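Containing PDB, C-alpha atoms: run-v8.pdb.
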ATOM      1  CA  MET A   1       0.000   0.000   0.000  1.00  0.00           C
ATOM      2  CA  LYS A   2       1.257   3.465  -0.832  1.00  0.00           C
ATOM      3  CA  HIS A   3       2.105   5.826   1.977  1.00  0.00           C
ATOM      4  CA  ASN A   4      -0.492   8.590   2.024  1.00  0.00           C
ATOM      5  CA  ARG A   5       0.277  11.720   4.044  1.00  0.00           C
ATOM      6  CA  GLU A   6      -3.306  12.928   3.713  1.00  0.00           C
ATOM      7  CA  TYR A   7      -4.218  10.891   6.811  1.00  0.00           C
ATOM      8  CA  GLU A   8      -1.322  12.041   8.979  1.00  0.00           C
ATOM      9  CA  ILE A   9      -1.603  14.645  11.714  1.00  0.00           C
ATOM     10  CA  ALA A  10       1.617  16.400  12.739  1.00  0.00           C
ATOM     11  CA  TRP A  11       0.591  16.968  16.343  1.00  0.00           C
ATOM     12  CA  GLN A  12       3.743  18.714  17.568  1.00  0.00           C
ATOM     13  CA  GLY A  13       3.054  21.769  15.465  1.00  0.00           C
ATOM     14  CA  LEU A  14      -0.552  22.099  16.641  1.00  0.00           C
ATOM     15  CA  LYS A  15      -1.648  24.528  19.312  1.00  0.00           C
ATOM     16  CA  PRO A  16      -3.558  23.051  22.265  1.00  0.00           C
ATOM     17  CA  GLY A  17      -7.304  23.010  21.661  1.00  0.00           C
ATOM     18  CA  LEU A  18      -9.825  21.665  19.194  1.00  0.00           C
ATOM     19  CA  HIS A  19      -8.904  21.060  15.543  1.00  0.00           C
ATOM     20  CA  THR A  20     -11.351  19.718  12.944  1.00  0.00           C
ATOM     21  CA  TYR A  21     -10.422  17.575   9.933  1.00  0.00           C
ATOM     22  CA  GLN A  22     -12.691  16.191   7.232  1.00  0.00           C
ATOM     23  CA  TYR A  23     -11.922  13.150   5.108  1.00  0.00           C
ATOM     24  CA  ASP A  24     -13.873  12.049   2.041  1.00  0.00           C
ATOM     25  CA  ILE A  25     -13.483   8.297   1.751  1.00  0.00           C
ATOM     26  CA  ASP A  26     -14.122   6.592  -1.562  1.00  0.00           C
ATOM     27  CA  GLU A  27     -13.710   3.239  -3.267  1.00  0.00           C
ATOM     28  CA  ARG A  28      -9.944   3.679  -3.741  1.00  0.00           C
ATOM     29  CA  PHE A  29      -9.242   4.093  -0.009  1.00  0.00           C
ATOM     30  CA  MET A  30     -11.381   1.098   0.951  1.00  0.00           C
ATOM     31  CA  GLN A  31      -9.819  -1.126  -1.737  1.00  0.00           C
ATOM     32  CA  GLU A  32      -6.334  -0.222  -0.473  1.00  0.00           C
ATOM     33  CA  LYS A  33      -7.431  -1.320   2.999  1.00  0.00           C
ATOM     34  CA  LYS A  34      -8.851  -4.545   1.518  1.00  0.00           C
ATOM     35  CA  ALA A  35     -12.504  -4.045   2.455  1.00  0.00           C
ATOM     36  CA  ALA A  36     -15.036  -6.759   1.640  1.00  0.00           C
ATOM     37  CA  PRO A  37     -15.310  -7.120  -2.161  1.00  0.00           C
ATOM     38  CA  ASP A  38     -19.124  -7.238  -2.064  1.00  0.00           C
ATOM     39  CA  HIS A  39     -19.177  -3.735  -0.528  1.00  0.00           C
ATOM     40  CA  LYS A  40     -19.061  -1.244  -3.412  1.00  0.00           C
ATOM     41  CA  ASN A  41     -19.476   2.427  -4.221  1.00  0.00           C
ATOM     42  CA  TRP A  42     -18.183   3.766  -0.927  1.00  0.00           C
ATOM     43  CA  ASP A  43     -19.128   7.388  -0.319  1.00  0.00           C
ATOM     44  CA  VAL A  44     -18.268   8.263   3.273  1.00  0.00           C
ATOM     45  CA  CYS A  45     -17.412  11.516   5.012  1.00  0.00           C
ATOM     46  CA  VAL A  46     -15.451  11.205   8.258  1.00  0.00           C
ATOM     47  CA  THR A  47     -15.220  14.307  10.420  1.00  0.00           C
ATOM     48  CA  LEU A  48     -12.497  14.206  13.055  1.00  0.00           C
ATOM     49  CA  ASN A  49     -12.475  16.531  16.040  1.00  0.00           C
ATOM     50  CA  PHE A  50      -8.910  16.412  17.366  1.00  0.00           C
ATOM     51  CA  ASP A  51      -8.619  17.967  20.834  1.00  0.00           C
ATOM     52  CA  LYS A  52      -4.958  18.435  21.746  1.00  0.00           C
ATOM     53  CA  LYS A  53      -4.122  18.457  25.455  1.00  0.00           C
ATOM     54  CA  ASN A  54      -0.665  18.567  27.097  1.00  0.00           C
ATOM     55  CA  SER A  55      -0.058  14.819  27.408  1.00  0.00           C
ATOM     56  CA  PHE A  56      -2.946  13.264  25.524  1.00  0.00           C
ATOM     57  CA  PHE A  57      -5.341  13.801  22.609  1.00  0.00           C
ATOM     58  CA  LEU A  58      -9.099  13.285  22.442  1.00  0.00           C
ATOM     59  CA  LEU A  59     -10.315  12.159  19.031  1.00  0.00           C
ATOM     60  CA  HIS A  60     -13.981  12.096  18.077  1.00  0.00           C
ATOM     61  CA  PHE A  61     -14.847  10.488  14.719  1.00  0.00           C
ATOM     62  CA  ASP A  62     -18.220  11.151  13.022  1.00  0.00           C
ATOM     63  CA  VAL A  63     -18.927   8.693  10.201  1.00  0.00           C
ATOM     64  CA  ASP A  64     -21.612   9.632   7.682  1.00  0.00           C
ATOM     65  CA  GLY A  65     -22.202   8.211   4.220  1.00  0.00           C
ATOM     66  CA  SER A  66     -23.373   5.197   2.269  1.00  0.00           C
ATOM     67  CA  VAL A  67     -22.212   1.993   0.623  1.00  0.00           C
ATOM     68  CA  THR A  68     -23.778  -0.512  -1.767  1.00  0.00           C
ATOM     69  CA  VAL A  69     -24.104  -3.957  -0.162  1.00  0.00           C
ATOM     70  CA  PRO A  70     -25.991  -7.174  -0.953  1.00  0.00           C
ATOM     71  CA  CYS A  71     -29.161  -7.766   1.060  1.00  0.00           C
ATOM     72  CA  ASP A  72     -28.825 -10.699   3.455  1.00  0.00           C
ATOM     73  CA  ARG A  73     -32.422 -11.739   2.774  1.00  0.00           C
ATOM     74  CA  CYS A  74     -32.921 -11.477  -0.990  1.00  0.00           C
ATOM     75  CA  GLY A  75     -29.363 -11.034  -2.337  1.00  0.00           C
ATOM     76  CA  ASP A  76     -30.086  -7.857  -4.338  1.00  0.00           C
ATOM     77  CA  ASP A  77     -27.715  -4.918  -3.948  1.00  0.00           C
ATOM     78  CA  PHE A  78     -29.002  -1.814  -2.174  1.00  0.00           C
ATOM     79  CA  ARG A  79     -27.653   1.466  -0.850  1.00  0.00           C
ATOM     80  CA  LEU A  80     -27.025   1.295   2.917  1.00  0.00           C
ATOM     81  CA  GLN A  81     -26.816   4.513   4.920  1.00  0.00           C
ATOM     82  CA  LEU A  82     -23.956   4.669   7.428  1.00  0.00           C
ATOM     83  CA  TRP A  83     -23.825   6.798  10.521  1.00  0.00           C
ATOM     84  CA  ASP A  84     -21.898   6.365  13.755  1.00  0.00           C
ATOM     85  CA  GLU A  85     -19.653   8.123  16.260  1.00  0.00           C
ATOM     86  CA  PHE A  86     -16.469   6.871  17.874  1.00  0.00           C
ATOM     87  CA  ASP A  87     -14.150   8.270  20.530  1.00  0.00           C
ATOM     88  CA  LEU A  88     -10.474   7.506  20.923  1.00  0.00           C
ATOM     89  CA  VAL A  89      -7.878   8.713  23.432  1.00  0.00           C
ATOM     90  CA  ILE A  90      -4.215   8.885  22.479  1.00  0.00           C
ATOM     91  CA  LYS A  91      -1.804   9.126  25.410  1.00  0.00           C
ATOM     92  CA  LEU A  92       1.823  10.150  25.086  1.00  0.00           C
ATOM     93  CA  THR A  93       4.397   7.965  26.825  1.00  0.00           C
ATOM     94  CA  GLY A  94       8.142   8.032  27.309  1.00  0.00           C
ATOM     95  CA  ASP A  95      10.314   6.910  24.397  1.00  0.00           C
ATOM     96  CA  ASP A  96      11.279   3.616  26.018  1.00  0.00           C
ATOM     97  CA  ASN A  97       7.891   2.906  27.578  1.00  0.00           C
ATOM     98  CA  LYS A  98       5.882   0.367  25.567  1.00  0.00           C
ATOM     99  CA  GLU A  99       2.380   0.207  27.040  1.00  0.00           C
ATOM    100  CA  PRO A 100      -0.213  -2.110  25.503  1.00  0.00           C
ATOM    101  CA  ASP A 101      -3.142  -0.405  23.809  1.00  0.00           C
ATOM    102  CA  GLU A 102      -6.532  -0.666  25.462  1.00  0.00           C
ATOM    103  CA  ASP A 103     -10.017  -0.636  23.895  1.00  0.00           C
ATOM    104  CA  ASP A 104     -10.393   3.123  23.420  1.00  0.00           C
ATOM    105  CA  VAL A 105      -6.900   4.226  24.473  1.00  0.00           C
ATOM    106  CA  VAL A 106      -3.786   4.141  22.306  1.00  0.00           C
ATOM    107  CA  PHE A 107      -0.294   4.860  23.623  1.00  0.00           C
ATOM    108  CA  ILE A 108       2.331   6.480  21.414  1.00  0.00           C
ATOM    109  CA  PRO A 109       5.860   7.601  22.324  1.00  0.00           C
ATOM    110  CA  ARG A 110       6.555  11.326  22.560  1.00  0.00           C
ATOM    111  CA  SER A 111       9.218  10.882  19.877  1.00  0.00           C
ATOM    112  CA  GLU A 112       6.467  10.164  17.292  1.00  0.00           C
ATOM    113  CA  THR A 113       5.794  13.500  15.642  1.00  0.00           C
ATOM    114  CA  VAL A 114       3.058  12.322  13.295  1.00  0.00           C
ATOM    115  CA  ILE A 115      -0.078  10.267  13.921  1.00  0.00           C
ATOM    116  CA  ASP A 116      -1.407   8.199  11.012  1.00  0.00           C
ATOM    117  CA  ILE A 117      -5.181   7.931  11.506  1.00  0.00           C
ATOM    118  CA  SER A 118      -5.995   5.981   8.314  1.00  0.00           C
ATOM    119  CA  ARG A 119      -6.213   2.679  10.221  1.00  0.00           C
ATOM    120  CA  TRP A 120      -8.771   4.090  12.667  1.00  0.00           C
ATOM    121  CA  ILE A 121     -10.785   5.695   9.877  1.00  0.00           C
ATOM    122  CA  TYR A 122     -11.012   2.312   8.148  1.00  0.00           C
ATOM    123  CA  GLU A 123     -11.885   0.455  11.371  1.00  0.00           C
ATOM    124  CA  PHE A 124     -14.582   2.932  12.369  1.00  0.00           C
ATOM    125  CA  ILE A 125     -16.150   2.900   8.905  1.00  0.00           C
ATOM    126  CA  MET A 126     -16.266  -0.902   8.962  1.00  0.00           C
ATOM    127  CA  LEU A 127     -17.748  -0.846  12.474  1.00  0.00           C
ATOM    128  CA  SER A 128     -20.515   1.445  11.240  1.00  0.00           C
ATOM    129  CA  VAL A 129     -21.645  -1.179   8.691  1.00  0.00           C
ATOM    130  CA  PRO A 130     -24.253  -3.317  10.492  1.00  0.00           C
ATOM    131  CA  LEU A 131     -23.764  -7.079  10.674  1.00  0.00           C
ATOM    132  CA  GLN A 132     -27.245  -7.717   9.302  1.00  0.00           C
ATOM    133  CA  ARG A 133     -27.944  -5.822   6.095  1.00  0.00           C
ATOM    134  CA  ILE A 134     -31.559  -5.983   4.914  1.00  0.00           C
ATOM    135  CA  HIS A 135     -33.564  -3.685   2.648  1.00  0.00           C
ATOM    136  CA  ALA A 136     -35.557  -1.119   4.594  1.00  0.00           C
ATOM    137  CA  ASP A 137     -39.339  -1.499   4.504  1.00  0.00           C
ATOM    138  CA  LYS A 138     -41.241   0.565   1.961  1.00  0.00           C
ATOM    139  CA  PRO A 139     -43.411   3.468   3.203  1.00  0.00           C
ATOM    140  CA  ASP A 140     -46.513   1.266   2.897  1.00  0.00           C
ATOM    141  CA  GLY A 141     -44.971  -1.254   5.343  1.00  0.00           C
ATOM    142  CA  LYS A 142     -44.145  -3.935   2.790  1.00  0.00           C
ATOM    143  CA  PRO A 143     -40.619  -5.375   2.711  1.00  0.00           C
ATOM    144  CA  GLY A 144     -38.193  -3.592   0.389  1.00  0.00           C
ATOM    145  CA  CYS A 145     -36.663  -6.862  -0.763  1.00  0.00           C
ATOM    146  CA  ASN A 146     -37.125  -8.420  -4.189  1.00  0.00           C
ATOM    147  CA  PRO A 147     -40.715  -9.852  -4.164  1.00  0.00           C
ATOM    148  CA  GLN A 148     -39.740 -12.888  -6.254  1.00  0.00           C
ATOM    149  CA  ALA A 149     -36.940 -13.779  -3.824  1.00  0.00           C
ATOM    150  CA  LEU A 150     -39.299 -13.390  -0.849  1.00  0.00           C
ATOM    151  CA  LYS A 151     -41.880 -15.620  -2.549  1.00  0.00           C
ATOM    152  CA  LEU A 152     -39.231 -18.307  -3.111  1.00  0.00           C
ATOM    153  CA  LEU A 153     -37.987 -18.011   0.496  1.00  0.00           C
ATOM    154  CA  ASN A 154     -41.527 -18.414   1.825  1.00  0.00           C
ATOM    155  CA  LYS A 155     -42.064 -21.452  -0.361  1.00  0.00           C
ATOM    156  CA  LEU A 156     -38.796 -23.027   0.808  1.00  0.00           C
ATOM    157  CA  SER A 157     -39.525 -22.320   4.468  1.00  0.00           C
ATOM    158  CA  GLU A 158     -42.851 -24.199   4.421  1.00  0.00           C
ATOM    159  CA  PRO A 159     -42.464 -27.597   6.068  1.00  0.00           C
ATOM    160  CA  GLU A 160     -42.759 -30.512   3.717  1.00  0.00           C
ATOM    161  CA  GLU A 161     -45.525 -32.972   4.430  1.00  0.00           C
ATOM    162  CA  ILE A 162     -44.062 -36.383   5.124  1.00  0.00           C
ATOM    163  CA  PRO A 163     -46.343 -39.138   3.962  1.00  0.00           C
ATOM    164  CA  GLU A 164     -47.244 -41.572   6.721  1.00  0.00           C
ATOM    165  CA  LYS A 165     -46.026 -45.054   6.112  1.00  0.00           C
ATOM    166  CA  GLY A 166     -48.181 -47.937   7.222  1.00  0.00           C
ATOM    167  CA  ILE A 167     -45.302 -49.842   8.782  1.00  0.00           C
ATOM    168  CA  TRP A 168     -45.065 -47.398  11.714  1.00  0.00           C
ATOM    169  CA  LYS A 169     -48.745 -47.579  12.684  1.00  0.00           C
ATOM    170  CA  GLY A 170     -48.226 -50.746  14.699  1.00  0.00           C
ATOM    171  CA  LEU A 171     -45.303 -49.214  16.581  1.00  0.00           C
ATOM    172  CA  GLU A 172     -47.387 -46.153  17.369  1.00  0.00           C
ATOM    173  CA  ALA A 173     -50.093 -48.355  18.908  1.00  0.00           C
ATOM    174  CA  LEU A 174     -47.452 -50.232  20.938  1.00  0.00           C
ATOM    175  CA  LYS A 175     -45.990 -46.953  22.149  1.00  0.00           C
ATOM    176  CA  ASN A 176     -49.426 -45.747  23.275  1.00  0.00           C
ATOM    177  CA  LYS A 177     -49.989 -49.034  25.192  1.00  0.00           C
ATOM    178  CA  THR A 178     -46.704 -48.728  27.097  1.00  0.00           C
ATOM    179  CA  ASP A 179     -47.404 -45.074  27.899  1.00  0.00           C
ATOM    180  CA  ASN A 180     -50.834 -46.016  29.276  1.00  0.00           C
ATOM    181  CA  LYS A 181     -49.353 -48.798  31.454  1.00  0.00           C
ATOM    182  CA  ARG A 182     -46.849 -46.332  32.943  1.00  0.00           C
ATOM    183  CA  LYS A 183     -49.620 -43.899  33.769  1.00  0.00           C
ATOM    184  CA  LEU A 184     -51.590 -46.598  35.596  1.00  0.00           C
ATOM    185  CA  LYS A 185     -48.682 -47.497  37.860  1.00  0.00           C
TER     186      LYS A 185
END

Here is a file; write its structure as structure tokens.
Amino acid sequence: MKHNREYEIAWQGLKPGLHTYQYDIDERFMQEKKAAPDHKNWDVCVTLNFDKKNSFFLLHFDVDGSVTVPCDRCGDDFRLQLWDEFDLVIKLTGDDNKEPDEDDVVFIPRSETVIDISRWIYEFIMLSVPLQRIHADKPDGKPGCNPQALKLLNKLSEPEEIPEKGIWKGLEALKNKTDNKRKLK
């Protein structure tokens, strides 16, 4: 993958306080990060509020946009709206201090002068895509999925009638007899 300085923040040159960055994410960025191939036509805007403090940074990511994905129910592609917010804290440590990252806290050495946020942008976009992706219902309340696919799914979900075979009738009667004897005892 090519090194892209567009997603780097040179934090040492920033004054303390709030700084806002906006990133327009498209198909090229997501392909470089090896996003799922069935997710297409990425059009996402990520707004980053970067609050610089003396020994740490507060990052707030707003994800807003859309992507074309296949419906989990009918298989047809549809446009899925994305929206989510994520917070991240970056703490500065000594040069020799290697602290393990936590869930929402990342540790970087003070000697790092630039923070590459492309990894977090990718992760937060992917986290904003729901696990279950189904067409939204139409305004009249009907499912937005392909009607032919829904008809086929309904037909396949109906239980098949198993024809009764005569050879099991005798066993059924025997089973009923033993059940009745147990009840009498």

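Rounded to one decimal, atom CA of A:Ile25 and atom CA of A:Phe86 lie 16.5 Å from each other.
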
For this session: Run through the PyMOL selection byres ((chain A and resi 65-70) around 7) on the given coordinates and return the selected residues as a list in words.
Result: Asp38, His39, Lys40, Asn41, Trp42, Asp43, Val44, Cys45, Val63, Asp64, Cys71, Asp72, Gly75, Asp76, Asp77, Phe78, Arg79, Leu80, Gln81, Leu82 and Trp83 of chain A

For this session: Just the residues within 9 Å of stretch 140-149 of chain A, please, counting all atoms listed in the file, with nothing from its chain fewer than 2 positions along; format it as a ChimeraX atom specification.
Result: /A:71,73-76,134-138,151-154

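Computed from the coordinates, the atom CA of A:Phe56 to atom CA of A:Leu127 distance equals 24.3 Å.
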
Exercise. Excluding same-chain residues fewer than 6 positions from stretch 106-113 of chain A, what lies within 7 Å of it counting all atoms listed in the file, as a ChimeraX atom specification?
Worked result: /A:10-12,89-95,99

For this session: Show which residues sit within 8 Å of A:Tyr7, as an MDAnalysis selection string. Count all atoms listed in the file, and ignore same-chain residues fewer than 5 positions away.
Result: chainID A and resid 116:118

For this session: Record the distance separating atom CA of A:Asp84 and atom CA of A:Ala35, expressed in Å with one decimal.
Result: 18.0 Å

Considering only C-alpha atoms, give me a table of residues in stretch 12-32 of chain A that are at most 7 Å from stretch 49-53 of chain A, with the closest atom pair and distance in Å for each, as a tab-separated table.
residue	atom	partner	partner_atom	distance
A:Pro16	CA	A:Lys52	CA	4.9
A:Gly17	CA	A:Lys52	CA	5.1
A:Leu18	CA	A:Asp51	CA	4.2
A:His19	CA	A:Phe50	CA	5.0
A:Thr20	CA	A:Asn49	CA	4.6
A:Tyr21	CA	A:Asn49	CA	6.5

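With distances restricted to all atoms listed in the file, A:Lys15 is the closest residue to A:Asn54 from A:Ala36, A:Phe29, A:Lys15, A:Glu8.
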